[in-house]
Amino acid sequence: MNENIDLRKIKKDSVKRELIKKILIYTFLSIWCIIILFPFYWMILTSLKGYAEYNSEYIPKFISLEPTLDNYVTAFTLVSLGRYFLNTLIFTVVTTSLMMVVTTLAAFAFSRLDFKGKNLVFTLVLALMMIPNELVVITNYTTMVNLHLRNTFTGLILPSVTSVFYIYLLKENFEQIPESLYLAAKVDGKSDFEYLVRVMIPIAKPTMVSILILKVIECWNAYVWPRLVTDNPNYYLVSNGIQEIRENGFGRENIPAMMAAVVSISIPLIILFLIFRKQIMTGVSRSGTKG
């Protein structure tokens with residue numbers, strides 16, 4: 001009898017501890033979520049405030065009594081934000097497409113093909129990750145200037161068409177595919193390219209989708225290289241556009257319109273991440289698990 005009572009007490013205490021643990025975890029996560037999301041909320045809130053309303057606030061308000069979309073109209077009319085969007089779209093699509101081709105072929109070669117010095121070459125490729133980005137930017141800039149590619153889309157795109165990290169990520173995923181499939185494809189008379197397209201790419205699709213989305217985000221947020229390689233507004237990307245708005249446009253005096261421009265630029269990436277967040281997590285987790 002006493003043993004049953006003790007077991008019930010122990011079980012009840014265990015349930016209480018688990019409940020307290022969950023409450024603490026979810027409380028911490030909720031607070032952390034508020035901290036992370038608050039800058040986005042403040043950015044959107046500011047973009048919806050009128051110019052007069054914003055300047056009349058001696059103490060910032062957490063709500064707007066008279067929200068307006070005039071700031072978004074201002075952002076697209078006083079500055080060539082539409083052109084910057086188009087330039088960024090061209091840059092992102094072309095760069096990502098070329099990068100996916102280069103990365104896929106390189107990962108396939110390192111994971112499946114046998115050639116002399118493969119391990120040494122792959123080691124040297126990985127060693128490139130140890131080089132500081134600042135040094136790479138300097139050499140890339142010198143190369144583009146010598147080739148007279150400054151202030152061109154080619155100069156913007158070329159240095160970003162490959163990524164050592166993405167090659168490594170995709171190679172690890174390709175190596176999880178059984179070699180027996182490759183041998184069976186060879187018996188059926190399939191070429192290496194046919195095997196890559198029909199077998200490896202469909203199997204590695206989650207990882208490739210993750211790389212694709214991460215590269216799109218990287219291109220959309222590119223700032224240092226586009227800022228360095230072009231000073232012609234006809235080739236400005238959205239990141240350069242924001243800087244131009246702040247320095248030469250209305251950014252210093254019309255903060256709500258500046259925030260409207262930032263929100264407009266951020267929305268496509270937020271939507272993209274929300275739609276494909278599961279694919280990103282699945283692809284990254286799969287690429288890091290072998291066997």
# chains A, B, ... in the order shown; residues from 1 in each chain; ligands from 1

call {"tool": "residues_around", "arguments": {"residues": "stretch 44-51 of chain A", "least_positions_apart": "3", "cutoff": "10 Å", "atoms": "only C-alpha atoms", "output": "ChimeraX atom specification"}}
result
/A:38-41,54-56,60-72,253-264

call {"tool": "residues_around", "arguments": {"residues": "stretch 135-150 of chain A", "least_positions_apart": "6", "cutoff": "7 Å", "atoms": "only C-alpha atoms", "output": "PyMOL selection string"}}
result
chain A and resi 159+229-230

call {"tool": "select_by_dssp", "arguments": {"residues": "stretch 85-269 of chain A", "states": "alpha helix (DSSP H)", "output": "count of residues only"}}
result
132

call {"tool": "closest_atom_pairs", "arguments": {"of": "stretch 30-111 of chain A", "to": "stretch 202-221 of chain A", "cutoff": "7 Å", "atoms": "only C-alpha atoms", "output": "Markdown table"}}
result
| residue | atom | partner | partner_atom | distance |
| --- | --- | --- | --- | --- |
| A:Thr88 | CA | A:Trp220 | CA | 6.5 |
| A:Thr92 | CA | A:Cys219 | CA | 5.3 |
| A:Thr96 | CA | A:Lys215 | CA | 6.2 |

call {"tool": "closest_atom_pairs", "arguments": {"of": "stretch 95-133 of chain A", "to": "stretch 162-175 of chain A", "cutoff": "7 Å", "atoms": "only C-alpha atoms", "output": "tab-separated table"}}
result
residue	atom	partner	partner_atom	distance
A:Met99	CA	A:Thr162	CA	5.0
A:Val102	CA	A:Thr162	CA	6.3
A:Thr103	CA	A:Ile167	CA	5.1
A:Ala106	CA	A:Ile167	CA	6.5
A:Ala107	CA	A:Lys171	CA	4.5
A:Phe108	CA	A:Lys171	CA	6.6
A:Phe110	CA	A:Lys171	CA	6.7
A:Ser111	CA	A:Lys171	CA	5.5
A:Val125	CA	A:Val164	CA	6.7
A:Leu126	CA	A:Val164	CA	6.5
A:Met129	CA	A:Val164	CA	6.8

call {"tool": "residues_around", "arguments": {"residues": "A:Ile157", "least_positions_apart": "4", "cutoff": "9 Å", "atoms": "only C-alpha atoms", "output": "ChimeraX atom specification"}}
result
/A:91-92,94-95,152-153,161

call {"tool": "decode", "arguments": {"residues": "stretch 153-177 of chain A", "atoms": "N, CA and C atoms", "output": "short mmCIF file (atom, residue, chain, number, x, y, z; two decimals), in the first residue's frame"}}
result
data_model
loop_
_atom_site.label_atom_id
_atom_site.label_comp_id
_atom_site.auth_asym_id
_atom_site.auth_seq_id
_atom_site.Cartn_x
_atom_site.Cartn_y
_atom_site.Cartn_z
N PHE A 153 26.82 44.16 -65.53
CA PHE A 153 26.21 43.01 -64.85
C PHE A 153 27.17 41.84 -64.80
N THR A 154 28.01 41.70 -65.82
CA THR A 154 29.01 40.62 -65.82
C THR A 154 29.96 40.75 -64.64
N GLY A 155 30.42 41.97 -64.38
CA GLY A 155 31.29 42.20 -63.24
C GLY A 155 30.61 41.95 -61.92
N LEU A 156 29.30 42.22 -61.85
CA LEU A 156 28.55 41.93 -60.63
C LEU A 156 28.40 40.44 -60.39
N ILE A 157 28.20 39.69 -61.48
CA ILE A 157 27.79 38.29 -61.37
C ILE A 157 28.97 37.33 -61.24
N LEU A 158 30.02 37.52 -62.03
CA LEU A 158 31.09 36.53 -62.15
C LEU A 158 31.69 36.07 -60.80
N PRO A 159 32.04 36.97 -59.87
CA PRO A 159 32.68 36.50 -58.64
C PRO A 159 31.77 35.67 -57.73
N SER A 160 30.48 35.61 -58.05
CA SER A 160 29.53 34.92 -57.16
C SER A 160 28.97 33.64 -57.75
N VAL A 161 29.56 33.15 -58.84
CA VAL A 161 28.97 31.98 -59.51
C VAL A 161 29.45 30.66 -58.92
N THR A 162 30.24 30.69 -57.88
CA THR A 162 30.66 29.45 -57.23
C THR A 162 30.74 29.67 -55.74
N SER A 163 30.70 28.58 -54.99
CA SER A 163 30.78 28.64 -53.53
C SER A 163 31.38 27.34 -53.01
N VAL A 164 32.50 27.45 -52.33
CA VAL A 164 33.16 26.26 -51.78
C VAL A 164 32.27 25.58 -50.75
N PHE A 165 31.60 26.37 -49.93
CA PHE A 165 30.74 25.78 -48.91
C PHE A 165 29.60 24.98 -49.52
N TYR A 166 28.96 25.51 -50.54
CA TYR A 166 27.85 24.80 -51.17
C TYR A 166 28.34 23.56 -51.91
N ILE A 167 29.53 23.61 -52.49
CA ILE A 167 30.11 22.42 -53.13
C ILE A 167 30.31 21.32 -52.08
N TYR A 168 30.85 21.70 -50.94
CA TYR A 168 31.06 20.73 -49.86
C TYR A 168 29.73 20.17 -49.36
N LEU A 169 28.77 21.05 -49.18
CA LEU A 169 27.45 20.64 -48.67
C LEU A 169 26.80 19.64 -49.61
N LEU A 170 26.83 19.91 -50.90
CA LEU A 170 26.20 19.04 -51.88
C LEU A 170 27.00 17.75 -52.08
N LYS A 171 28.31 17.84 -52.00
CA LYS A 171 29.15 16.65 -52.12
C LYS A 171 28.82 15.65 -51.00
N GLU A 172 28.68 16.15 -49.78
CA GLU A 172 28.34 15.27 -48.66
C GLU A 172 27.00 14.58 -48.89
N ASN A 173 26.06 15.29 -49.48
CA ASN A 173 24.76 14.70 -49.76
C ASN A 173 24.84 13.66 -50.88
N PHE A 174 25.60 13.96 -51.93
CA PHE A 174 25.77 13.02 -53.04
C PHE A 174 26.42 11.72 -52.58
N GLU A 175 27.34 11.83 -51.61
CA GLU A 175 28.06 10.63 -51.15
C GLU A 175 27.16 9.68 -50.37
N GLN A 176 26.01 10.15 -49.93
CA GLN A 176 25.06 9.27 -49.23
C GLN A 176 24.31 8.36 -50.20
N ILE A 177 24.32 8.69 -51.49
CA ILE A 177 23.63 7.87 -52.49
C ILE A 177 24.46 6.61 -52.76
#
